[in-house]
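Trainee: File input25.cif below, mmCIF, C-alpha atoms:
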data_entry
loop_
_atom_site.label_atom_id
_atom_site.label_comp_id
_atom_site.auth_asym_id
_atom_site.auth_seq_id
_atom_site.Cartn_x
_atom_site.Cartn_y
_atom_site.Cartn_z
CA MET K 1 15.86 80.53 180.18
CA GLN K 2 12.80 78.39 179.59
CA GLN K 3 14.96 76.12 177.54
CA LEU K 4 17.50 75.84 180.35
CA ILE K 5 14.83 74.68 182.78
CA GLU K 6 13.61 72.19 180.21
CA THR K 7 17.11 70.81 179.65
CA ILE K 8 17.56 70.39 183.37
CA VAL K 9 14.19 68.84 184.15
CA LYS K 10 13.45 66.63 181.15
CA PRO K 11 16.11 63.96 181.72
CA LEU K 12 14.97 63.59 185.33
CA VAL K 13 11.35 62.64 184.66
CA ASP K 14 9.51 59.66 183.24
CA TYR K 15 7.27 61.73 181.00
CA PRO K 16 9.51 64.35 179.35
CA ASN K 17 6.78 65.31 176.91
CA GLU K 18 4.55 66.54 179.71
CA VAL K 19 7.07 69.04 181.03
CA LYS K 20 5.47 72.43 180.45
CA ILE K 21 6.87 75.78 181.39
CA THR K 22 4.99 79.05 181.31
CA CYS K 23 6.47 82.43 181.99
CA ASP K 24 4.89 85.23 183.96
CA GLU K 25 6.79 88.49 183.78
CA ASN K 26 6.24 91.90 185.34
CA ASN K 27 8.42 94.91 186.17
CA HIS K 28 10.41 93.38 188.98
CA ARG K 29 10.38 89.69 188.50
CA ILE K 30 9.96 86.76 186.20
CA VAL K 31 8.12 83.71 187.43
CA TYR K 32 8.59 80.44 185.58
CA LYS K 33 5.81 78.03 186.26
CA LEU K 34 6.79 74.44 185.82
CA SER K 35 4.23 71.70 185.46
CA VAL K 36 4.98 68.01 185.08
CA HIS K 37 3.08 64.74 184.96
CA PRO K 38 1.51 64.11 188.40
CA SER K 39 3.61 60.99 188.99
CA ASP K 40 6.78 62.97 188.27
CA MET K 41 6.11 65.57 190.94
CA GLY K 42 8.25 63.76 193.46
CA LYS K 43 11.10 63.54 191.01
CA VAL K 44 11.36 67.27 190.41
CA ILE K 45 10.90 68.13 194.07
CA GLY K 46 12.93 65.40 195.70
CA LYS K 47 13.43 64.49 199.33
CA GLN K 48 13.14 67.66 201.41
CA GLY K 49 12.97 69.61 198.15
CA ARG K 50 16.55 68.79 197.30
CA VAL K 51 16.04 68.46 193.57
CA ALA K 52 13.88 71.58 193.41
CA LYS K 53 16.59 73.41 195.32
CA ALA K 54 19.31 72.19 192.98
CA VAL K 55 17.29 73.23 189.94
CA ARG K 56 16.70 76.68 191.43
CA THR K 57 20.38 77.07 192.31
CA ILE K 58 21.42 76.48 188.74
CA VAL K 59 18.72 78.67 187.25
CA TYR K 60 19.46 81.53 189.66
CA SER K 61 23.15 81.36 188.88
CA ALA K 62 22.32 81.55 185.18
CA ALA K 63 19.93 84.40 185.89
CA GLY K 64 22.74 86.52 187.29
CA ASN K 65 23.56 87.61 183.76
CA HIS K 66 19.92 87.97 182.74
CA ARG K 67 18.28 91.39 182.54
CA GLY K 68 18.67 92.12 186.25
CA LYS K 69 15.25 90.84 187.26
CA LYS K 70 14.59 88.52 190.14
CA ILE K 71 13.67 85.07 188.94
CA TYR K 72 11.39 82.55 190.62
CA ILE K 73 10.45 79.00 189.80
CA ASP K 74 7.08 77.62 190.84
CA ILE K 75 6.25 73.97 190.58
CA LEU K 76 2.54 73.61 189.90
CA ASP K 77 0.51 70.66 191.03
CA MET E 1 16.06 15.60 195.79
CA LYS E 2 14.11 18.62 196.92
CA GLN E 3 15.07 22.05 195.75
CA VAL E 4 13.55 25.46 196.37
CA THR E 5 14.43 28.92 195.15
CA GLN E 6 13.44 31.50 197.67
CA THR E 7 13.53 35.28 197.88
CA GLY E 8 13.59 37.36 201.02
CA ALA E 9 14.59 40.75 202.35
CA THR E 10 17.88 39.26 203.52
CA VAL E 11 19.72 36.01 202.83
CA GLU E 12 18.91 34.80 206.35
CA GLU E 13 15.23 35.50 205.94
CA ALA E 14 15.08 33.72 202.60
CA LEU E 15 16.88 30.74 204.14
CA LEU E 16 14.43 30.52 207.03
CA LEU E 17 11.48 30.61 204.65
CA ALA E 18 13.00 27.95 202.43
CA LEU E 19 13.80 25.63 205.34
CA HIS E 20 10.28 26.03 206.61
CA GLU E 21 8.93 25.12 203.22
CA LEU E 22 11.10 22.04 202.86
CA ASN E 23 10.67 20.93 206.46
CA LEU E 24 14.42 20.51 206.78
CA THR E 25 17.06 21.83 209.10
CA ARG E 26 19.99 24.00 208.15
CA LYS E 27 22.37 21.02 208.28
CA GLN E 28 20.35 18.98 205.78
CA VAL E 29 20.61 21.44 202.92
CA ASP E 30 23.07 23.14 200.65
CA VAL E 31 22.54 26.84 200.14
CA GLU E 32 23.50 28.62 196.99
CA ILE E 33 23.21 32.39 197.04
CA LEU E 34 21.89 33.55 193.68
CA GLN E 35 21.77 37.16 194.65
CA GLU E 36 22.72 39.13 197.73
CA ALA E 37 20.19 41.62 199.06
CA LYS E 38 20.84 45.20 198.05
CA LYS E 39 19.65 48.09 200.07
CA GLY E 40 19.71 50.50 197.17
CA PHE E 41 19.83 54.25 197.49
CA LEU E 42 16.85 56.22 198.82
CA GLY E 43 14.74 53.17 198.07
CA PHE E 44 15.89 52.98 194.46
CA GLY E 45 17.65 49.91 193.18
CA SER E 46 16.92 47.75 196.19
CA LYS E 47 16.90 44.05 195.46
CA LYS E 48 15.75 41.12 197.48
CA ALA E 49 18.09 38.30 198.35
CA GLN E 50 17.58 35.16 196.34
CA ILE E 51 18.89 31.74 197.31
CA ARG E 52 18.57 28.21 196.04
CA VAL E 53 18.24 25.61 198.75
CA THR E 54 18.95 22.01 197.82
CA GLU E 55 18.57 18.95 199.98
CA LYS E 56 22.00 17.43 200.58
CA GLN E 57 22.92 14.40 198.50
CA ALA E 58 24.60 12.76 201.46
CA GLN E 59 21.13 12.06 202.84
CA LYS E 60 20.35 9.81 199.90
CA PRO E 61 22.13 6.55 200.78
CA PHE E 62 19.40 4.12 201.79
CA ALA E 63 20.81 3.03 205.08
CA VAL E 64 20.90 6.56 206.36
CA GLN E 65 17.52 7.46 204.97
CA GLU E 66 15.82 4.38 206.32
CA ALA E 67 17.38 4.91 209.67
CA ALA E 68 16.23 8.49 209.67
CA GLU E 69 12.71 7.93 208.42
CA PRO E 70 11.35 5.58 211.05
CA LEU E 71 12.63 7.93 213.68
CA GLN E 72 10.75 10.80 212.14
CA GLU E 73 7.63 8.71 211.83
CA LYS E 74 7.80 7.71 215.45
CA ALA E 75 8.28 11.24 216.52
CA GLU E 76 5.51 12.77 214.49
CA PRO E 77 3.37 10.06 212.97
CA VAL E 78 0.29 12.20 212.38
CA GLU E 79 2.00 15.24 210.99
CA ASN E 80 4.22 13.18 208.77
CA GLY E 81 1.26 11.39 207.27
CA GLN E 82 -0.42 14.65 206.51
CA SER E 83 2.62 16.15 204.91
CA GLU E 84 3.07 13.07 202.77
CA VAL E 85 -0.44 13.40 201.41
CA ALA E 86 -0.06 17.09 200.84
CA GLU E 87 3.44 16.85 199.46
CA PRO E 88 2.73 15.97 195.82
CA GLN E 89 0.55 19.03 195.39
CA ILE E 90 2.99 21.33 197.11
CA GLY E 91 5.75 19.72 195.14
CA SER E 92 4.09 20.34 191.80
CA SER E 93 3.14 23.92 192.64
CA LEU E 94 6.64 24.44 193.95
CA SER E 95 8.20 23.20 190.79
CA THR E 96 6.13 25.60 188.69
CA ILE E 97 7.07 28.47 190.98
CA GLU E 98 10.60 27.26 190.79
CA GLU E 99 10.53 27.33 187.03
CA ASN E 100 9.26 30.88 187.06
CA LEU E 101 11.95 31.88 189.47
CA GLU E 102 14.53 30.09 187.40
CA ILE E 103 13.59 32.18 184.40
CA GLN E 104 13.91 35.32 186.47
CA THR E 105 17.30 34.36 187.78
CA THR E 106 18.68 33.49 184.41
CA SER E 107 17.52 36.81 183.02
CA GLU E 108 19.07 38.55 186.01
CA ASN E 109 22.28 36.66 185.61
CA ALA E 110 22.29 37.65 181.98
CA GLU E 111 22.29 41.28 183.06
CA VAL E 112 25.66 41.01 184.74
CA PRO E 113 27.74 41.14 181.55
CA PHE E 114 25.86 44.34 180.67
CA GLU E 115 27.06 46.03 183.82
CA ARG E 116 29.86 47.75 181.92
CA ASN E 117 27.44 48.84 179.24
CA ASP E 118 24.93 50.49 181.52
CA TYR E 119 27.78 52.35 183.22
CA GLU E 120 28.92 53.54 179.83
CA LEU E 121 25.38 54.50 178.90
CA ALA E 122 24.98 56.40 182.17
CA ILE E 123 28.31 58.17 181.65
CA SER E 124 27.46 59.25 178.13
CA LYS E 125 23.99 60.41 179.23
CA VAL E 126 25.45 62.43 182.09
CA GLU E 127 28.06 63.96 179.79
CA GLU E 128 25.31 64.89 177.37
CA TYR E 129 23.24 66.33 180.21
CA LEU E 130 26.11 68.44 181.52
CA SER E 131 27.08 69.77 178.13
CA ASP E 132 23.43 70.58 177.34
CA ILE E 133 23.12 72.59 180.53
CA SER E 134 26.41 74.38 179.92
CA LYS E 135 25.31 75.33 176.44
CA GLN E 136 22.22 76.91 177.97
CA LEU E 137 24.47 78.76 180.40
CA SER E 138 26.26 80.07 177.29
CA ILE E 139 29.42 78.11 177.96
CA SER E 140 30.72 76.89 174.64
CA ASP E 141 34.20 75.61 175.52
CA LEU E 142 33.25 72.87 177.95
CA HIS E 143 35.52 69.85 178.00
CA ILE E 144 34.58 66.75 180.00
CA GLU E 145 36.99 64.14 181.18
CA THR E 146 35.55 61.07 182.87
CA VAL E 147 37.27 58.73 185.29
CA GLN E 148 35.46 55.72 186.63
CA GLN E 149 36.73 53.96 189.70
CA GLY E 150 34.48 51.21 190.97
CA LYS E 151 31.25 52.84 192.05
CA VAL E 152 32.58 56.37 191.82
CA ILE E 153 32.31 58.20 188.52
CA GLN E 154 34.28 61.41 188.45
CA PHE E 155 33.58 64.04 185.83
CA ASN E 156 36.30 66.63 185.46
CA LEU E 157 35.01 69.66 183.61
CA SER E 158 37.16 72.39 182.21
CA THR E 159 36.10 75.68 180.74
CA ASN E 160 37.21 79.30 180.79
CA SER E 161 34.07 80.41 182.59
CA ALA E 162 34.47 77.97 185.47
CA ALA E 163 33.08 80.51 187.93
CA LEU E 164 29.65 80.20 186.37
CA LEU E 165 29.59 76.45 186.94
CA ILE E 166 30.95 76.65 190.47
CA GLY E 167 28.79 79.41 191.88
CA LYS E 168 29.07 80.84 195.36
CA ARG E 169 31.07 78.40 197.50
CA GLY E 170 30.43 75.62 195.00
CA ASN E 171 26.65 75.89 195.26
CA THR E 172 26.04 75.50 191.56
CA LEU E 173 28.59 72.74 191.23
CA ASN E 174 27.01 70.79 194.09
CA ALA E 175 23.55 71.28 192.58
CA LEU E 176 24.81 70.04 189.22
CA GLN E 177 26.45 67.09 190.91
CA GLU E 178 23.20 66.16 192.60
CA LEU E 179 21.25 66.35 189.34
CA ALA E 180 23.95 64.46 187.46
CA GLN E 181 23.73 61.73 190.07
CA LEU E 182 19.97 61.52 189.51
CA VAL E 183 20.44 61.26 185.76
CA ALA E 184 23.04 58.52 186.19
CA HIS E 185 20.67 56.62 188.45
CA GLN E 186 18.08 56.50 185.70
CA TYR E 187 20.37 54.18 183.80
CA VAL E 188 22.19 52.31 186.57
CA LYS E 189 19.92 50.87 189.22
CA ARG E 190 22.66 50.20 191.74
CA PHE E 191 24.60 52.40 194.09
CA ILE E 192 26.89 54.72 192.21
CA MET E 193 28.38 58.01 193.15
CA VAL E 194 28.77 60.87 190.73
CA LYS E 195 31.39 63.48 191.46
CA LEU E 196 31.90 66.69 189.58
CA ASP E 197 34.92 68.92 189.55
CA VAL E 198 35.64 72.06 187.60
CA GLY E 199 39.22 73.12 187.08
CA ASN E 200 40.55 71.55 190.28
CA TYR E 201 37.99 73.48 192.36
CA ARG E 202 37.52 70.66 194.87
CA GLU E 203 41.21 70.60 195.74
CA LYS E 204 41.34 74.38 196.16
CA ARG E 205 38.20 74.27 198.28
CA LYS E 206 39.78 71.61 200.44
CA GLN E 207 42.79 73.82 201.07
CA SER E 208 40.66 76.83 201.98
CA LEU E 209 38.55 74.62 204.26
CA GLU E 210 41.73 73.52 206.02
CA VAL E 211 42.61 77.13 206.69
CA LEU E 212 39.07 77.91 207.81
CA ALA E 213 38.90 74.84 210.07
CA ASN E 214 42.11 75.67 211.87
CA LYS E 215 41.19 79.33 212.22
CA MET E 216 37.80 78.45 213.71
CA ALA E 217 39.31 75.86 216.00
CA ASP E 218 41.78 78.48 217.27
CA LYS E 219 38.89 80.85 217.84
CA ALA E 220 36.96 78.22 219.79
CA VAL E 221 39.97 77.52 222.00
CA TYR E 222 40.77 81.21 222.45
CA THR E 223 37.23 82.26 223.41
CA GLY E 224 36.41 79.02 225.20
CA LYS E 225 33.05 78.91 223.40
CA LYS E 226 31.83 76.60 220.71
CA VAL E 227 31.89 77.86 217.14
CA GLU E 228 29.13 76.98 214.70
CA LEU E 229 30.01 76.98 211.03
CA GLU E 230 27.56 77.73 208.26
CA PRO E 231 25.68 74.81 206.66
CA MET E 232 27.82 72.76 204.31
CA PRO E 233 27.36 69.66 202.19
CA SER E 234 28.47 66.38 203.67
CA ASN E 235 31.74 66.12 201.74
CA GLU E 236 32.93 69.49 203.05
CA ARG E 237 31.94 68.69 206.62
CA LYS E 238 33.85 65.47 206.31
CA ILE E 239 36.97 67.33 205.27
CA ILE E 240 36.78 69.56 208.34
CA HIS E 241 36.05 66.66 210.71
CA HIS E 242 39.04 64.93 209.25
CA ILE E 243 41.39 67.90 209.62
CA LEU E 244 40.35 68.62 213.20
CA ALA E 245 40.40 64.97 214.25
CA ASP E 246 44.14 65.33 214.87
CA ARG E 247 43.76 68.31 217.18
CA LEU E 248 43.44 67.41 220.82
CA ASP E 249 42.08 70.75 222.02
CA VAL E 250 38.81 70.71 220.06
CA GLU E 251 35.96 68.37 219.33
CA THR E 252 33.76 68.45 216.23
CA TYR E 253 30.24 67.25 215.53
CA SER E 254 27.42 68.05 213.15
CA LYS E 255 24.06 69.49 214.07
CA GLY E 256 20.79 70.17 212.24
CA GLU E 257 18.90 68.30 209.60
CA ASP E 258 19.42 67.92 205.86
CA THR E 259 20.25 71.20 204.16
CA LYS E 260 20.70 73.00 207.47
CA ARG E 261 23.20 70.50 208.78
CA HIS E 262 26.30 72.29 209.97
CA LEU E 263 29.45 71.64 211.88
CA VAL E 264 30.14 72.69 215.46
CA ILE E 265 33.63 73.03 216.90
CA GLU E 266 33.77 72.80 220.66
CA PRO E 267 36.87 73.45 222.75
CA ILE E 268 37.84 70.76 225.23
CA ARG E 269 38.69 72.23 228.61
CA ALA E 270 41.78 70.73 230.09
#
Hey, can you dump this file as structure tokens for me?
Mentor:
Amino acid sequence: MQQLIETIVKPLVDYPNEVKITCDENNHRIVYKLSVHPSDMGKVIGKQGRVAKAVRTIVYSAAGNHRGKKIYIDILD
Amino acid sequence: MKQVTQTGATVEEALLLALHELNLTRKQVDVEILQEAKKGFLGFGSKKAQIRVTEKQAQKPFAVQEAAEPLQEKAEPVENGQSEVAEPQIGSSLSTIEENLEIQTTSENAEVPFERNDYELAISKVEEYLSDISKQLSISDLHIETVQQGKVIQFNLSTNSAALLIGKRGNTLNALQELAQLVAHQYVKRFIMVKLDVGNYREKRKQSLEVLANKMADKAVYTGKKVELEPMPSNERKIIHHILADRLDVETYSKGEDTKRHLVIEPIRA
């Protein structure tokens, strides 16, 4: 799953090497925390959060067949 | 012969600036448009207009020039004197600026033949992007077929697990399309449109939207109240607007902002 987020996000940013994803898991949910280079923040969020929404849509659809836990994506600043 | 290369937000603006600089009127110059202004998309890829303004050769014959010059001197003797003194300096600085601009324009002109190439680069990058994502979604039999028509690049995907790529009401497909468009725009800095389709989904969706649109229009007419549809992306709203445009008993418009934008069907009371 982490790899999926990386594959989605990396081609969108200017500093692909600074894309970092950490995973925080408990009984009910898995939270993926995404951090990017400060100047790339806008690129992964997009106007009105459109890009962030698109990324979440794809990840959630992939998560449907994934251990039955609710998945969240946080973008850290 | 005086010549200036000028940039501006629009061709008109650049022309005004250039005329001001040369102290000439529109009729005294030839204008060559080096580059039209481009608005770009969401602020990306916008380009300023660039024109080259040249003083007309027809002005050169001595009789005409001599006849014209005394008139000018009579009209504005003081100003003219000043400008004549200042002119050599302006002229030299202009020519250096001009040279710089010339270099820019030639490099920009040189980009034009590469237009095909950067499209191809963008297409291959998007294909790579899509197949990478599908691999992560554990789709192994993805096949991509690309059709490019002007500014529209259509990617037709086919796989056995199409449902996974489409998602509920095409949500995933639309999200992928949006991201693919962003990736394409990293390599092509002009307006292009990326369209995705999986196994003829768009056509099927169009048919079901036609059914939905007519059903909802009937409901609006029957109840006499307006019917609000759920939020949809612009291409789907357009389909419904288009279908219902032929019906005389209802009116359609869109309401709400961005992702909440949805279509409203209102009955027209006779």
Trainee: Report the residues retrieved by the PyMOL selection byres ((chain K) within 7 of (chain E)) from the displayed file, expressed as a list in words.
Mentor: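 Applying the PyMOL selection byres ((chain K) within 7 of (chain E)) to the structure shown produces Leu4, Thr7, Ile8, Pro11, Leu12, Ala54, Thr57, Ile58, Ser61 and Ala62 of chain K.
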Trainee: I need the residues from that last selection saved to file as a PDB file, in the frame of the given file (with C-alpha atoms), if you can.
Mentor:
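The new file part31.pdb reads:
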ATOM      1  CA  LEU K   4      17.500  75.840 180.350  1.00  0.00           C
ATOM      2  CA  THR K   7      17.110  70.810 179.650  1.00  0.00           C
ATOM      3  CA  ILE K   8      17.560  70.390 183.370  1.00  0.00           C
ATOM      4  CA  PRO K  11      16.110  63.960 181.720  1.00  0.00           C
ATOM      5  CA  LEU K  12      14.970  63.590 185.330  1.00  0.00           C
ATOM      6  CA  ALA K  54      19.310  72.190 192.980  1.00  0.00           C
ATOM      7  CA  THR K  57      20.380  77.070 192.310  1.00  0.00           C
ATOM      8  CA  ILE K  58      21.420  76.480 188.740  1.00  0.00           C
ATOM      9  CA  SER K  61      23.150  81.360 188.880  1.00  0.00           C
ATOM     10  CA  ALA K  62      22.320  81.550 185.180  1.00  0.00           C
TER      11      ALA K  62
END
Trainee: For stretch 19-35 of chain K, please output as a list in words all residues within 7 Å (counting only C-alpha atoms; exclusion window: fewer than 4 positions along the same chain).
Mentor: Gln2, Lys10, Lys69, Lys70, Ile71, Tyr72, Ile73, Asp74, Ile75, Leu76 and Asp77 of chain K
Trainee: Can you tell me which residues surround E:Pro267 at a distance of at most 7 Å, considering all atoms listed in the file, apart from same-chain residues fewer than 6 positions away, and format the answer as a list in words?
Mentor: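 Contacts, in chain order: Ala220, Val221, Gly224, Lys225, Lys226, Asp249, Val250 and Glu251 of chain E.
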Trainee: For the file shown, what are the residues hit by the PyMOL selection byres ((chain E and resi 25-36) around 9), laid out as a short mmCIF file (atom, residue, chain, number, x, y, z; two decimals) with C-alpha atoms, keeping the file's coordinate frame?
Mentor:
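Generated output (expr_2.cif):
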data_model
loop_
_atom_site.label_atom_id
_atom_site.label_comp_id
_atom_site.auth_asym_id
_atom_site.auth_seq_id
_atom_site.Cartn_x
_atom_site.Cartn_y
_atom_site.Cartn_z
CA THR E 5 14.43 28.92 195.15
CA THR E 10 17.88 39.26 203.52
CA VAL E 11 19.72 36.01 202.83
CA LEU E 15 16.88 30.74 204.14
CA LEU E 16 14.43 30.52 207.03
CA LEU E 19 13.80 25.63 205.34
CA HIS E 20 10.28 26.03 206.61
CA LEU E 22 11.10 22.04 202.86
CA ASN E 23 10.67 20.93 206.46
CA LEU E 24 14.42 20.51 206.78
CA ALA E 37 20.19 41.62 199.06
CA LYS E 38 20.84 45.20 198.05
CA LYS E 47 16.90 44.05 195.46
CA LYS E 48 15.75 41.12 197.48
CA ALA E 49 18.09 38.30 198.35
CA GLN E 50 17.58 35.16 196.34
CA ILE E 51 18.89 31.74 197.31
CA ARG E 52 18.57 28.21 196.04
CA VAL E 53 18.24 25.61 198.75
CA THR E 54 18.95 22.01 197.82
CA GLU E 55 18.57 18.95 199.98
CA LYS E 56 22.00 17.43 200.58
CA GLN E 57 22.92 14.40 198.50
CA ALA E 58 24.60 12.76 201.46
CA GLN E 59 21.13 12.06 202.84
CA THR E 105 17.30 34.36 187.78
CA ASN E 109 22.28 36.66 185.61
#
Trainee: Distance atom CA of E:Gly199-atom CA of E:Ser158, one decimal place?
Mentor: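 Computing it gives 5.3 Å between the two atoms.
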Trainee: Between atom CA of E:Gln181 and atom CA of E:Val194, measure the distance and give it in Å to one decimal.
Mentor: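 Atom CA of E:Gln181 sits 5.2 Å away from atom CA of E:Val194.
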Trainee: Could you check how far atom CA of E:Thr252 sits from atom CA of E:Gly170, in Å to one decimal?
Mentor: 22.7 Å
Trainee: Restore N, CA and C atoms in stretch 203-223 of chain E and list the result as a PDB file, keeping the file's coordinate frame.
Mentor:
ATOM      1  N   GLU E 203      39.928  70.596 195.015  1.00  0.00           N
ATOM      2  CA  GLU E 203      41.210  70.600 195.740  1.00  0.00           C
ATOM      3  C   GLU E 203      41.458  71.968 196.379  1.00  0.00           C
ATOM      4  N   LYS E 204      41.152  73.017 195.624  1.00  0.00           N
ATOM      5  CA  LYS E 204      41.340  74.380 196.160  1.00  0.00           C
ATOM      6  C   LYS E 204      40.414  74.606 197.342  1.00  0.00           C
ATOM      7  N   ARG E 205      39.180  74.118 197.212  1.00  0.00           N
ATOM      8  CA  ARG E 205      38.200  74.270 198.280  1.00  0.00           C
ATOM      9  C   ARG E 205      38.683  73.547 199.533  1.00  0.00           C
ATOM     10  N   LYS E 206      39.270  72.394 199.318  1.00  0.00           N
ATOM     11  CA  LYS E 206      39.780  71.610 200.440  1.00  0.00           C
ATOM     12  C   LYS E 206      40.846  72.405 201.192  1.00  0.00           C
ATOM     13  N   GLN E 207      41.733  73.041 200.426  1.00  0.00           N
ATOM     14  CA  GLN E 207      42.790  73.820 201.070  1.00  0.00           C
ATOM     15  C   GLN E 207      42.204  74.992 201.847  1.00  0.00           C
ATOM     16  N   SER E 208      41.212  75.685 201.254  1.00  0.00           N
ATOM     17  CA  SER E 208      40.660  76.830 201.980  1.00  0.00           C
ATOM     18  C   SER E 208      39.846  76.361 203.182  1.00  0.00           C
ATOM     19  N   LEU E 209      39.265  75.157 203.103  1.00  0.00           N
ATOM     20  CA  LEU E 209      38.550  74.620 204.260  1.00  0.00           C
ATOM     21  C   LEU E 209      39.530  74.281 205.378  1.00  0.00           C
ATOM     22  N   GLU E 210      40.717  73.824 205.003  1.00  0.00           N
ATOM     23  CA  GLU E 210      41.730  73.520 206.020  1.00  0.00           C
ATOM     24  C   GLU E 210      42.091  74.777 206.788  1.00  0.00           C
ATOM     25  N   VAL E 211      42.282  75.859 206.048  1.00  0.00           N
ATOM     26  CA  VAL E 211      42.610  77.130 206.690  1.00  0.00           C
ATOM     27  C   VAL E 211      41.474  77.565 207.596  1.00  0.00           C
ATOM     28  N   LEU E 212      40.250  77.512 207.045  1.00  0.00           N
ATOM     29  CA  LEU E 212      39.070  77.910 207.810  1.00  0.00           C
ATOM     30  C   LEU E 212      38.931  77.066 209.077  1.00  0.00           C
ATOM     31  N   ALA E 213      39.082  75.753 208.937  1.00  0.00           N
ATOM     32  CA  ALA E 213      38.900  74.840 210.070  1.00  0.00           C
ATOM     33  C   ALA E 213      39.866  75.184 211.182  1.00  0.00           C
ATOM     34  N   ASN E 214      41.125  75.375 210.840  1.00  0.00           N
ATOM     35  CA  ASN E 214      42.110  75.670 211.870  1.00  0.00           C
ATOM     36  C   ASN E 214      41.878  77.031 212.513  1.00  0.00           C
ATOM     37  N   LYS E 215      41.457  77.986 211.685  1.00  0.00           N
ATOM     38  CA  LYS E 215      41.190  79.330 212.220  1.00  0.00           C
ATOM     39  C   LYS E 215      40.029  79.272 213.216  1.00  0.00           C
ATOM     40  N   MET E 216      38.976  78.547 212.840  1.00  0.00           N
ATOM     41  CA  MET E 216      37.800  78.450 213.710  1.00  0.00           C
ATOM     42  C   MET E 216      38.096  77.652 214.973  1.00  0.00           C
ATOM     43  N   ALA E 217      38.927  76.640 214.833  1.00  0.00           N
ATOM     44  CA  ALA E 217      39.310  75.860 216.000  1.00  0.00           C
ATOM     45  C   ALA E 217      40.107  76.730 216.972  1.00  0.00           C
ATOM     46  N   ASP E 218      41.005  77.544 216.432  1.00  0.00           N
ATOM     47  CA  ASP E 218      41.780  78.480 217.270  1.00  0.00           C
ATOM     48  C   ASP E 218      40.842  79.429 217.993  1.00  0.00           C
ATOM     49  N   LYS E 219      39.846  79.915 217.247  1.00  0.00           N
ATOM     50  CA  LYS E 219      38.890  80.850 217.840  1.00  0.00           C
ATOM     51  C   LYS E 219      38.125  80.193 218.982  1.00  0.00           C
ATOM     52  N   ALA E 220      37.708  78.946 218.754  1.00  0.00           N
ATOM     53  CA  ALA E 220      36.960  78.220 219.790  1.00  0.00           C
ATOM     54  C   ALA E 220      37.815  78.055 221.041  1.00  0.00           C
ATOM     55  N   VAL E 221      39.077  77.717 220.871  1.00  0.00           N
ATOM     56  CA  VAL E 221      39.970  77.520 222.000  1.00  0.00           C
ATOM     57  C   VAL E 221      40.216  78.851 222.716  1.00  0.00           C
ATOM     58  N   TYR E 222      40.432  79.891 221.917  1.00  0.00           N
ATOM     59  CA  TYR E 222      40.770  81.210 222.450  1.00  0.00           C
ATOM     60  C   TYR E 222      39.614  81.788 223.260  1.00  0.00           C
ATOM     61  N   THR E 223      38.387  81.696 222.718  1.00  0.00           N
ATOM     62  CA  THR E 223      37.230  82.260 223.410  1.00  0.00           C
ATOM     63  C   THR E 223      36.634  81.294 224.428  1.00  0.00           C
TER      64      THR E 223
END
